[in-house]
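Colleague: So here's final_36.cif (mmCIF, C-alpha atoms and all ligand atoms).
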data_model
#
loop_
_atom_site.label_atom_id
_atom_site.label_comp_id
_atom_site.auth_asym_id
_atom_site.auth_seq_id
_atom_site.Cartn_x
_atom_site.Cartn_y
_atom_site.Cartn_z
CA MET S 1 26.73 -1.83 -19.50
CA TYR S 2 25.27 -1.45 -16.00
CA ASP S 3 27.62 0.93 -14.25
CA ILE S 4 26.79 0.24 -10.61
CA ASP S 5 29.50 2.52 -9.22
CA LYS S 6 28.23 5.43 -11.25
CA ILE S 7 24.66 4.67 -10.19
CA ARG S 8 25.58 4.44 -6.52
CA ALA S 9 27.37 7.77 -6.75
CA ASP S 10 24.02 9.33 -7.68
CA PHE S 11 22.65 8.42 -4.23
CA PRO S 12 24.54 10.39 -1.55
CA ILE S 13 22.95 8.48 1.35
CA LEU S 14 24.52 5.21 0.21
CA SER S 15 27.96 6.41 1.21
CA ARG S 16 27.04 7.14 4.82
CA THR S 17 27.78 4.83 7.71
CA VAL S 18 25.57 3.61 10.53
CA TYR S 19 27.18 2.44 13.79
CA ASN S 20 30.52 3.01 12.05
CA ARG S 21 29.71 0.49 9.37
CA PRO S 22 28.88 1.12 5.73
CA LEU S 23 25.14 1.35 5.26
CA VAL S 24 23.65 -1.69 3.51
CA TYR S 25 20.18 -0.49 2.64
CA LEU S 26 17.86 -3.42 1.92
CA ASP S 27 14.52 -1.87 2.86
CA ASN S 28 13.65 -0.68 -0.62
CA GLY S 29 10.21 -2.27 -0.56
CA ALA S 30 9.29 0.24 2.13
CA THR S 31 10.88 3.18 0.39
CA THR S 32 13.79 3.78 -1.95
CA GLN S 33 16.62 6.26 -1.58
CA LYS S 34 16.65 9.35 -3.80
CA PRO S 35 19.16 10.25 -6.46
CA ARG S 36 20.70 13.69 -6.29
CA CYS S 37 18.78 14.86 -9.39
CA VAL S 38 15.42 14.29 -7.63
CA VAL S 39 16.35 16.19 -4.48
CA GLU S 40 17.95 18.97 -6.51
CA ALA S 41 14.88 19.31 -8.72
CA MET S 42 12.79 19.93 -5.62
CA THR S 43 15.17 22.45 -4.11
CA GLU S 44 15.58 24.18 -7.43
CA GLU S 45 11.83 24.48 -7.97
CA TYR S 46 11.25 25.84 -4.46
CA TYR S 47 14.08 28.35 -4.92
CA SER S 48 13.30 29.59 -8.39
CA VAL S 49 9.88 28.61 -9.67
CA ASN S 50 7.54 28.13 -6.73
CA ALA S 51 3.98 29.39 -7.19
CA ASN S 52 0.59 27.72 -6.96
CA VAL S 53 -0.38 25.96 -10.15
CA HIS S 54 -3.34 26.46 -12.51
CA ARG S 55 -5.32 29.64 -13.08
CA GLY S 56 -2.31 31.83 -12.37
CA VAL S 57 -1.71 34.60 -14.87
CA HIS S 58 1.73 35.42 -13.58
CA PHE S 59 5.01 34.05 -14.86
CA LEU S 60 5.90 31.77 -11.95
CA SER S 61 2.47 30.20 -11.74
CA GLN S 62 2.59 29.43 -15.43
CA LYS S 63 6.07 27.92 -15.12
CA ALA S 64 5.05 25.78 -12.15
CA THR S 65 1.92 24.67 -14.03
CA GLU S 66 4.00 23.75 -17.06
CA LEU S 67 6.30 21.58 -14.92
CA HIS S 68 3.35 19.96 -13.15
CA GLU S 69 1.50 19.16 -16.37
CA ALA S 70 4.65 18.03 -18.14
CA SER S 71 5.06 15.56 -15.28
CA ARG S 72 1.65 14.13 -16.07
CA GLU S 73 2.85 13.49 -19.60
CA THR S 74 6.05 11.87 -18.27
CA VAL S 75 3.94 9.52 -16.14
CA ARG S 76 1.64 8.78 -19.07
CA SER S 77 4.54 7.87 -21.25
CA PHE S 78 6.27 5.86 -18.49
CA ILE S 79 3.27 3.56 -18.00
CA ASN S 80 2.14 3.82 -21.63
CA ALA S 81 -1.34 5.13 -20.88
CA GLN S 82 -3.32 6.40 -23.84
CA SER S 83 -4.00 9.87 -22.56
CA ILE S 84 -2.98 12.32 -19.83
CA ASN S 85 -6.68 12.38 -18.88
CA GLU S 86 -6.06 8.94 -17.43
CA ILE S 87 -3.36 10.11 -15.00
CA VAL S 88 -4.67 11.28 -11.63
CA PHE S 89 -2.14 12.54 -9.09
CA THR S 90 -2.72 11.38 -5.54
CA ARG S 91 -0.71 11.12 -2.33
CA GLY S 92 0.33 7.53 -2.98
CA THR S 93 -0.86 4.02 -3.69
CA THR S 94 -2.94 4.03 -0.53
CA GLU S 95 -4.85 7.14 -1.52
CA SER S 96 -5.22 5.90 -5.09
CA ILE S 97 -6.88 2.69 -3.90
CA ASN S 98 -9.06 4.52 -1.37
CA LEU S 99 -10.14 6.94 -4.08
CA LEU S 100 -11.06 4.14 -6.42
CA ALA S 101 -12.81 1.99 -3.80
CA SER S 102 -14.83 4.97 -2.65
CA CYS S 103 -15.78 6.35 -6.09
CA PHE S 104 -16.26 2.99 -7.79
CA GLY S 105 -18.20 1.72 -4.79
CA ASP S 106 -20.51 4.75 -4.82
CA ALA S 107 -21.13 4.48 -8.53
CA PHE S 108 -21.31 0.77 -9.15
CA MET S 109 -21.67 -1.30 -5.99
CA ASN S 110 -24.67 -2.16 -3.88
CA GLU S 111 -25.41 -4.43 -0.96
CA GLY S 112 -24.41 -8.00 -1.77
CA ASP S 113 -22.05 -7.02 -4.60
CA GLU S 114 -18.56 -8.48 -4.48
CA VAL S 115 -14.94 -7.44 -4.91
CA ILE S 116 -12.25 -10.05 -5.53
CA VAL S 117 -8.90 -9.47 -3.80
CA SER S 118 -6.08 -11.92 -3.12
CA VAL S 119 -4.70 -13.41 0.07
CA MET S 120 -1.36 -11.63 -0.50
CA GLU S 121 -2.70 -8.06 -0.52
CA HIS S 122 -1.19 -5.20 1.41
CA HIS S 123 -3.64 -3.76 3.96
CA SER S 124 -4.07 -0.77 1.69
CA ASN S 125 -5.81 -3.05 -0.79
CA ILE S 126 -7.96 -4.73 1.84
CA VAL S 127 -9.11 -2.10 4.31
CA PRO S 128 -10.55 0.40 1.76
CA TRP S 129 -12.82 -2.41 0.52
CA GLN S 130 -13.72 -3.33 4.10
CA LEU S 131 -14.69 0.29 4.76
CA LEU S 132 -16.88 0.07 1.69
CA ALA S 133 -18.28 -3.21 3.00
CA GLU S 134 -19.30 -1.44 6.21
CA ARG S 135 -20.87 1.45 4.31
CA LYS S 136 -22.59 -0.48 1.57
CA GLY S 137 -22.74 -4.13 2.60
CA ILE S 138 -20.46 -5.39 -0.18
CA LYS S 139 -18.47 -8.61 0.24
CA LEU S 140 -14.79 -9.47 -0.21
CA ARG S 141 -13.86 -12.70 -1.97
CA VAL S 142 -10.29 -13.87 -1.62
CA ILE S 143 -8.07 -15.62 -4.19
CA PRO S 144 -6.04 -18.32 -2.40
CA MET S 145 -2.40 -19.18 -3.10
CA THR S 146 -0.14 -22.22 -3.09
CA ASP S 147 2.50 -22.77 -0.41
CA SER S 148 5.13 -21.32 -2.70
CA GLY S 149 3.14 -18.09 -2.94
CA VAL S 150 1.48 -18.40 -6.33
CA LEU S 151 -2.15 -17.34 -6.81
CA MET S 152 -4.45 -20.20 -7.79
CA LEU S 153 -5.95 -19.07 -11.06
CA ASP S 154 -8.49 -21.91 -11.24
CA GLU S 155 -9.83 -20.86 -7.82
CA TYR S 156 -9.77 -17.23 -8.96
CA GLU S 157 -11.97 -18.05 -11.90
CA LYS S 158 -14.46 -19.84 -9.63
CA LEU S 159 -14.94 -16.67 -7.54
CA PHE S 160 -16.74 -14.83 -10.33
CA ASN S 161 -20.52 -14.67 -10.22
CA ASP S 162 -23.20 -12.19 -11.21
CA ARG S 163 -22.45 -10.06 -8.11
CA THR S 164 -18.75 -9.59 -8.93
CA ARG S 165 -18.16 -5.90 -9.67
CA ILE S 166 -14.37 -5.46 -9.54
CA VAL S 167 -11.08 -7.31 -9.03
CA SER S 168 -8.34 -5.57 -7.04
CA VAL S 169 -4.96 -7.30 -6.88
CA ALA S 170 -1.30 -6.62 -6.29
CA HIS S 171 1.00 -6.77 -9.29
CA VAL S 172 3.89 -7.88 -7.05
CA SER S 173 3.59 -9.06 -3.44
CA ASN S 174 5.54 -6.86 -1.04
CA VAL S 175 6.24 -9.92 1.14
CA LEU S 176 6.71 -12.84 -1.25
CA GLY S 177 7.98 -11.03 -4.31
CA THR S 178 5.57 -13.05 -6.43
CA VAL S 179 4.81 -11.37 -9.74
CA ASN S 180 1.15 -12.09 -10.37
CA PRO S 181 0.05 -12.92 -13.93
CA ILE S 182 -1.91 -9.69 -14.27
CA LYS S 183 -2.44 -9.90 -18.00
CA GLU S 184 -4.05 -13.30 -17.66
CA MET S 185 -6.05 -12.21 -14.60
CA VAL S 186 -7.34 -9.18 -16.50
CA ARG S 187 -8.30 -11.39 -19.43
CA ILE S 188 -10.31 -13.66 -17.14
CA ALA S 189 -12.00 -10.73 -15.38
CA HIS S 190 -12.87 -9.04 -18.66
CA ALA S 191 -14.36 -12.30 -19.95
CA HIS S 192 -16.78 -11.89 -17.02
CA GLY S 193 -17.30 -8.22 -17.81
CA VAL S 194 -15.46 -7.15 -14.63
CA PRO S 195 -12.83 -4.36 -14.42
CA VAL S 196 -9.49 -4.77 -12.63
CA LEU S 197 -7.51 -2.47 -10.34
CA VAL S 198 -3.82 -3.33 -10.06
CA ASP S 199 -1.76 -2.29 -7.04
CA GLY S 200 1.52 -1.49 -8.76
CA ALA S 201 3.38 -0.22 -5.68
CA GLN S 202 5.94 -3.03 -5.92
CA SER S 203 6.07 -3.53 -9.68
CA THR S 204 6.70 -0.06 -11.11
CA PRO S 205 10.14 0.30 -9.45
CA HIS S 206 11.38 -3.02 -10.83
CA PHE S 207 10.20 -3.53 -14.39
CA ALA S 208 8.45 -1.73 -17.20
CA VAL S 209 4.69 -1.59 -16.88
CA ASP S 210 2.48 -0.96 -19.88
CA MET S 211 -1.15 -0.05 -19.34
CA GLN S 212 -2.17 -0.86 -22.89
CA LEU S 213 -0.45 -4.23 -22.75
CA LEU S 214 -1.78 -5.20 -19.31
CA ASP S 215 -5.19 -3.84 -20.29
CA CYS S 216 -6.06 -3.30 -16.61
CA ASP S 217 -8.74 -0.70 -15.94
CA PHE S 218 -7.02 1.00 -13.01
CA PHE S 219 -3.45 1.01 -11.71
CA ALA S 220 -1.96 2.58 -8.58
CA PHE S 221 1.61 3.35 -7.60
CA SER S 222 3.71 5.52 -5.27
CA ALA S 223 6.50 7.92 -6.22
CA HIS S 224 8.59 7.20 -3.13
CA LYS S 225 9.06 3.55 -4.04
CA ILE S 226 10.49 4.48 -7.44
CA TYR S 227 13.18 6.93 -6.30
CA GLY S 228 10.76 9.86 -6.20
CA PRO S 229 9.51 11.96 -3.31
CA THR S 230 7.14 10.97 -0.51
CA GLY S 231 3.55 12.13 -0.62
CA VAL S 232 2.93 11.69 -4.33
CA GLY S 233 1.25 8.86 -6.16
CA VAL S 234 -0.68 8.04 -9.27
CA LEU S 235 -4.01 6.51 -10.07
CA TYR S 236 -4.28 5.47 -13.68
CA GLY S 237 -7.79 4.79 -14.94
CA LYS S 238 -9.17 4.13 -18.38
CA GLU S 239 -10.99 7.23 -19.47
CA LYS S 240 -14.24 5.37 -20.08
CA TRP S 241 -14.26 4.39 -16.38
CA LEU S 242 -12.99 7.63 -14.86
CA ASP S 243 -15.64 9.51 -16.81
CA LYS S 244 -18.36 7.53 -15.09
CA LEU S 245 -17.04 7.91 -11.55
CA PRO S 246 -18.15 10.66 -9.15
CA PRO S 247 -15.49 12.96 -7.63
CA TYR S 248 -13.62 11.81 -4.54
CA GLN S 249 -13.10 14.98 -2.55
CA GLY S 250 -14.63 18.41 -3.02
CA GLY S 251 -12.69 21.65 -3.18
CA GLY S 252 -10.78 23.91 -5.48
CA GLU S 253 -9.64 22.70 -8.88
CA MET S 254 -12.10 19.80 -9.18
CA ILE S 255 -15.02 22.05 -10.14
CA LYS S 256 -16.13 23.80 -13.29
CA ASN S 257 -18.70 26.15 -11.70
CA VAL S 258 -19.91 26.48 -8.15
CA SER S 259 -23.11 28.05 -6.93
CA PHE S 260 -25.22 27.28 -3.89
CA GLU S 261 -27.84 25.88 -6.23
CA LYS S 262 -25.68 23.65 -8.39
CA THR S 263 -22.00 22.79 -8.81
CA THR S 264 -20.54 21.20 -11.92
CA PHE S 265 -17.32 19.25 -11.96
CA ASN S 266 -14.12 19.75 -13.87
CA GLU S 267 -12.97 17.53 -16.72
CA LEU S 268 -10.56 14.61 -16.32
CA PRO S 269 -8.26 14.26 -14.55
CA TYR S 270 -8.88 17.38 -12.47
CA LYS S 271 -12.26 16.10 -11.27
CA PHE S 272 -10.27 13.86 -8.89
CA GLU S 273 -7.67 16.40 -7.82
CA ALA S 274 -9.26 18.68 -5.23
CA GLY S 275 -7.03 21.30 -3.66
CA THR S 276 -3.46 22.36 -4.32
CA PRO S 277 -1.56 19.38 -5.67
CA ASP S 278 1.97 18.56 -4.57
CA TYR S 279 3.31 20.15 -7.74
CA ILE S 280 6.89 20.13 -6.47
CA GLY S 281 6.49 16.43 -5.81
CA THR S 282 4.93 15.63 -9.19
CA HIS S 283 7.83 17.34 -10.93
CA ALA S 284 10.29 15.41 -8.78
CA LEU S 285 8.46 12.19 -9.65
CA ALA S 286 8.94 12.99 -13.33
CA VAL S 287 12.65 13.56 -12.71
CA ALA S 288 12.81 10.17 -10.96
CA LEU S 289 11.02 8.46 -13.86
CA ASP S 290 13.38 10.11 -16.33
CA TYR S 291 16.27 8.90 -14.18
CA VAL S 292 15.20 5.24 -14.22
CA SER S 293 14.23 5.46 -17.89
CA LYS S 294 17.70 6.67 -18.71
CA ILE S 295 19.23 3.65 -16.99
CA GLY S 296 16.53 1.57 -18.67
CA MET S 297 13.82 -0.44 -16.90
CA ASP S 298 14.99 -3.57 -18.69
CA SER S 299 18.54 -3.12 -17.40
CA ILE S 300 17.21 -2.49 -13.90
CA TYR S 301 15.11 -5.63 -14.18
CA SER S 302 18.08 -7.76 -15.27
CA HIS S 303 20.33 -6.37 -12.57
CA GLU S 304 17.79 -6.92 -9.80
CA ARG S 305 16.80 -10.38 -11.01
CA GLU S 306 20.41 -11.47 -11.03
CA LEU S 307 20.86 -10.06 -7.55
CA THR S 308 17.70 -11.77 -6.28
CA SER S 309 18.63 -15.18 -7.64
CA TYR S 310 22.16 -14.80 -6.26
CA ALA S 311 20.69 -13.85 -2.86
CA MET S 312 18.24 -16.77 -2.99
CA GLN S 313 21.08 -19.21 -3.74
CA GLN S 314 23.25 -17.87 -0.94
CA MET S 315 20.47 -17.60 1.61
CA GLN S 316 19.05 -21.06 0.95
CA GLN S 317 22.35 -22.45 2.23
CA ILE S 318 21.93 -20.89 5.67
CA ASP S 319 21.13 -23.51 8.32
CA GLY S 320 17.55 -23.40 9.54
CA ILE S 321 16.38 -20.70 7.12
CA ARG S 322 12.82 -20.63 5.83
CA ILE S 323 12.19 -18.44 2.80
CA PHE S 324 8.61 -17.35 2.15
CA GLY S 325 7.79 -16.93 -1.52
CA THR S 326 9.50 -19.19 -4.02
CA ALA S 327 7.44 -18.51 -7.13
CA ALA S 328 9.22 -18.97 -10.45
CA ASP S 329 8.45 -15.35 -11.30
CA LYS S 330 9.82 -13.69 -8.18
CA ASP S 331 10.84 -10.08 -7.84
CA ALA S 332 13.44 -8.35 -5.69
CA VAL S 333 11.98 -9.25 -2.28
CA ILE S 334 13.14 -12.02 0.07
CA SER S 335 11.20 -12.75 3.26
CA PHE S 336 12.69 -15.20 5.70
CA LEU S 337 12.99 -16.56 9.23
CA VAL S 338 15.91 -18.47 10.71
CA GLY S 339 15.25 -21.23 13.25
CA ASN S 340 13.30 -19.88 16.18
CA ILE S 341 14.87 -16.44 16.04
CA HIS S 342 12.21 -13.76 16.30
CA HIS S 343 12.08 -11.50 13.24
CA LEU S 344 12.47 -8.44 15.44
CA ASP S 345 15.65 -9.82 17.06
CA MET S 346 17.11 -10.66 13.66
CA GLY S 347 16.26 -7.21 12.30
CA THR S 348 17.63 -5.40 15.33
CA LEU S 349 20.91 -7.30 15.31
CA LEU S 350 21.34 -6.91 11.55
CA ASP S 351 20.83 -3.20 12.06
CA ARG S 352 23.80 -3.11 14.43
CA LEU S 353 25.83 -4.49 11.54
CA GLY S 354 24.70 -1.62 9.36
CA ILE S 355 22.14 -3.69 7.46
CA ALA S 356 18.69 -2.13 7.09
CA VAL S 357 15.93 -4.71 6.63
CA ARG S 358 12.26 -4.62 7.54
CA THR S 359 10.63 -6.89 10.09
CA GLY S 360 7.06 -7.67 11.05
CA HIS S 361 3.85 -8.38 9.19
CA HIS S 362 4.62 -5.93 6.37
CA CYS S 363 1.00 -4.66 6.41
CA ALA S 364 -0.14 -8.07 5.20
CA GLU S 365 -1.61 -9.76 8.27
CA PRO S 366 -3.98 -12.04 6.33
CA LEU S 367 -0.95 -13.33 4.40
CA MET S 368 0.90 -13.92 7.68
CA SER S 369 -2.10 -15.99 8.89
CA ARG S 370 -2.03 -17.97 5.65
CA LEU S 371 1.67 -18.68 6.22
CA GLY S 372 1.03 -19.52 9.88
CA ILE S 373 3.54 -16.96 11.16
CA GLU S 374 3.46 -13.56 12.84
CA GLY S 375 6.08 -11.86 10.77
CA THR S 376 9.22 -12.19 8.70
CA VAL S 377 12.49 -10.43 8.08
CA ARG S 378 12.41 -8.87 4.63
CA ALA S 379 15.32 -7.85 2.44
CA SER S 380 14.27 -5.96 -0.66
CA PHE S 381 16.56 -4.81 -3.43
CA ALA S 382 16.82 -1.75 -5.62
CA LEU S 383 18.76 -0.73 -8.69
CA TYR S 384 21.76 0.35 -6.59
CA ASN S 385 22.26 -2.84 -4.55
CA THR S 386 25.24 -5.09 -5.15
CA LYS S 387 26.34 -8.70 -4.74
CA GLU S 388 28.79 -7.51 -2.08
CA GLU S 389 25.84 -6.21 -0.10
CA VAL S 390 24.11 -9.57 -0.45
CA ASP S 391 27.29 -11.20 0.89
CA ILE S 392 27.27 -8.82 3.86
CA LEU S 393 23.61 -9.70 4.49
CA VAL S 394 24.28 -13.44 4.32
CA ALA S 395 27.31 -13.15 6.63
CA GLY S 396 25.22 -10.99 8.96
CA ILE S 397 22.39 -13.51 9.13
CA LYS S 398 24.88 -16.29 9.87
CA ARG S 399 26.51 -14.23 12.57
CA VAL S 400 23.20 -13.40 14.24
CA ALA S 401 22.10 -17.04 13.98
CA SER S 402 25.31 -18.16 15.70
CA MET S 403 24.46 -15.94 18.67
CA PHE S 404 21.27 -17.89 19.43
N1 LIG H 501 0.67 -1.85 -1.82
C1 LIG H 501 1.82 -2.50 -1.70
C2 LIG H 501 1.99 -3.84 -2.37
C3 LIG H 501 2.85 -1.94 -0.96
O1 LIG H 501 4.02 -2.59 -0.82
C4 LIG H 501 2.66 -0.67 -0.35
C5 LIG H 501 3.74 -0.01 0.47
N2 LIG H 501 4.36 -0.82 1.41
C6 LIG H 501 1.43 -0.04 -0.52
C7 LIG H 501 0.47 -0.67 -1.27
C8 LIG H 501 1.15 1.28 0.09
O2 LIG H 501 1.92 2.27 -0.49
P1 LIG H 501 1.97 3.73 0.12
O3 LIG H 501 2.27 3.57 1.58
O4 LIG H 501 3.06 4.41 -0.63
O5 LIG H 501 0.63 4.35 -0.11
#
Please express what this file holds, its structure, as structure tokens.
Modeller:
Amino acid sequence: MYDIDKIRADFPILSRTVYNRPLVYLDNGATTQKPRCVVEAMTEEYYSVNANVHRGVHFLSQKATELHEASRETVRSFINAQSINEIVFTRGTTESINLLASCFGDAFMNEGDEVIVSVMEHHSNIVPWQLLAERKGIKLRVIPMTDSGVLMLDEYEKLFNDRTRIVSVAHVSNVLGTVNPIKEMVRIAHAHGVPVLVDGAQSTPHFAVDMQLLDCDFFAFSAHKIYGPTGVGVLYGKEKWLDKLPPYQGGGEMIKNVSFEKTTFNELPYKFEAGTPDYIGTHALAVALDYVSKIGMDSIYSHERELTSYAMQQMQQIDGIRIFGTAADKDAVISFLVGNIHHLDMGTLLDRLGIAVRTGHHCAEPLMSRLGIEGTVRASFALYNTKEEVDILVAGIKRVASMF
């Protein structure tokens, strides 16, 4: 039984008003709201446990370290990785991808080598590879998509050649909501002896992900999109790969011994975690993962899918609407435009009705070019959204449209 009222009561912000109207928060793709337990875990740790982690002999440092390392185990279990050595804490998906592009590029890529990305990537899975292209002369190859927003797997397969070193693709598009067939894409890449990095920023909040099932080599996600705090993320990597990569940043914690003659690096995963980690944030992430696990990722998935198909049905009936992304396997994201109304005008007027949506290119300008548009309005759902909120959105869109 999905008790939506009980769930909503866990999120204090959902009961506030904006412009004297109840808040309808549909910008979850950008960031999700936080349940009370997550915020309280952070306050509680600052008030009663706070001390820098690792190497501390004193009580508080040991307690903080225990919480931080227990969080690594919570993440491992949540994504079903084989070992905690495979869980690297970062600042977010963006840093995870930059880390991987930089370290993998240094270790395994040379001038003329290629990375395969897709046309629907977020800038954070394009620009790190372009920076590497500038440094090392590597090339980006791009998987095209159909008009409904589905990656063309036959074209994908044709992109492989003896210079292909890595594939880096989104699990779920933050604009189209398309769920990409990662398992199949990994199978194809592995058949060519090529590893795969999956950008899981938009998948982890919505359905269960399983590293051993997907068999991807690397996987990145952000805590703040799955009801956790800002500034924390995860890079999962198979141990056999992480072992071979050089460190990302230098500093405390990532070393074994330092001398001016020779420095040796720490074991996994600490080799990639220079400096004081956001140990309050990692603990809060674990609390968030426990929170969603308690509700059940499968229940969240069913609830959000039902909401998305209801919203699609309702929205498709709006005069002059164009919806971008109509894949059969579509997640909780709906991007649209109505008539000639500029996305910014639609977003601004919806806001006055208390409805928070995102507008613009959604950090996916190449995808906007592919669609032949400059931007969209995007409504994205979370575990706490309701059909009533969808109705308010639909009525709001109609009202705004009638003003033009
Ligand atoms: N990839 C995708 C698909 C995203 O939607 C986002 C966030 N909009 C990111 C990467 C970047 O995540 P973050 O800003 O948390 O690093």
Colleague: Give the residue list for ligand LIG 501 (chain H) at 9 Å, counting all atoms listed in the file, as a PyMOL selection string, sorted by chain and then by residue number.
Modeller: chain S and resi 29-31+91-97+120-125+169-175+199-203+220-225+230-233+362-364
Colleague: Taking only C-alpha atoms into account, which of S:Gly320, S:Gly347, S:Gly252, S:Gly296 comes nearest Phe207 in chain S?
Modeller: S:Gly296
Colleague: With only C-alpha atoms as the atoms that count, which of S:Leu383, S:Val117, S:Val150, S:Val49 lies nearest to Thr326 in chain S?
Modeller: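 Nearest to Thr326 in chain S: S:Val150.
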Colleague: Hey, what's within 9 Å of range 77-80 of chain S if we count all atoms listed in the file and toss same-chain stuff fewer than 2 positions away? As a ChimeraX atom specification, please?
Modeller: /S:72-75,82-84,204,208-213,236,289-290,293
Colleague: Under the rule that only C-alpha atoms are counted, which of S:Leu140, S:Met185, S:Met152, S:Leu26 is the nearest residue to Thr164 in chain S?
Modeller: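 Looking only at the distances to Thr164 in chain S, the closest residue turns out to be S:Leu140.
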Colleague: Taking (3.6, -25.5, -3.0) as a centre in this file's frame and 12 Å as the limit, can you find every polymer residue with an atom that close, using only C-alpha atoms, and give them as a ChimeraX atom specification?
Modeller: /S:145-152,324-328,371
Colleague: With C-alpha atoms kept, could you save the residues just selected as a compact mmCIF listing (two decimals), keeping the file's coordinate frame?
Modeller:
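Below is the file part_26.txt, written as the result:
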# COMPACT_ATOMS: atom_id res chain seq x y z
CA MET S 145 -2.40 -19.18 -3.10
CA THR S 146 -0.14 -22.22 -3.09
CA ASP S 147 2.50 -22.77 -0.41
CA SER S 148 5.13 -21.32 -2.70
CA GLY S 149 3.14 -18.09 -2.94
CA VAL S 150 1.48 -18.40 -6.33
CA LEU S 151 -2.15 -17.34 -6.81
CA MET S 152 -4.45 -20.20 -7.79
CA PHE S 324 8.61 -17.35 2.15
CA GLY S 325 7.79 -16.93 -1.52
CA THR S 326 9.50 -19.19 -4.02
CA ALA S 327 7.44 -18.51 -7.13
CA ALA S 328 9.22 -18.97 -10.45
CA LEU S 371 1.67 -18.68 6.22
Colleague: Considering all atoms listed in the file, can you say which of S:Glu86, S:Asp215, S:Glu66, S:Glu134 comes closest to Trp241 in chain S?
Modeller: S:Glu86
Colleague: Report, in Å with one decimal, the straight-line distance from CA of Gly360 in chain S to CA of Glu389 in chain S.
Modeller: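 These two atoms are separated by 21.9 Å.
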Colleague: Which one is closest to Gln313 in chain S: S:Val394, S:Met42, S:Ala332, S:Leu14? Count all atoms listed in the file.
Modeller: S:Val394
Colleague: With all atoms listed in the file as the basis for distance, which of S:Ile116, S:Met254, S:Ala288, S:Cys216 is at the shortest distance from Glu155 in chain S?
Modeller: S:Ile116
Colleague: Tell me, as number ranges by chain, which residues lie within 8 Å of Met109 in chain S, counting only C-alpha atoms; anything in the same chain fewer than 5 positions away does not count.
Modeller: S: 104, 114, 136, 138, 165
Colleague: Since we have the selection now, will you write its residues out, keeping C-alpha atoms, as a PDB file, keeping the file's coordinate frame?
Modeller:
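Output below, filename again21.pdb:
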ATOM      1  CA  PHE S 104     -16.260   2.990  -7.790  1.00  0.00           C
ATOM      2  CA  GLU S 114     -18.560  -8.480  -4.480  1.00  0.00           C
ATOM      3  CA  LYS S 136     -22.590  -0.480   1.570  1.00  0.00           C
ATOM      4  CA  ILE S 138     -20.460  -5.390  -0.180  1.00  0.00           C
ATOM      5  CA  ARG S 165     -18.160  -5.900  -9.670  1.00  0.00           C
TER       6      ARG S 165
END
Colleague: Find the distance between CA of Ile166 in chain S and CA of Tyr270 in chain S and write it in Å to one decimal.
Modeller: 23.7 Å
Colleague: Hey, can you check how far CA of Phe219 in chain S sits from CA of Val88 in chain S?
Modeller: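 Distance between the two atoms: 10.3 Å.
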Colleague: Hey, can you pull every residue with an atom no more than 12 Å from (-11.4, -7.6, -15.3), using only C-alpha atoms, and send it as number ranges by chain?
Modeller: S: 115-117, 156-157, 160, 164-169, 182-198, 214-218
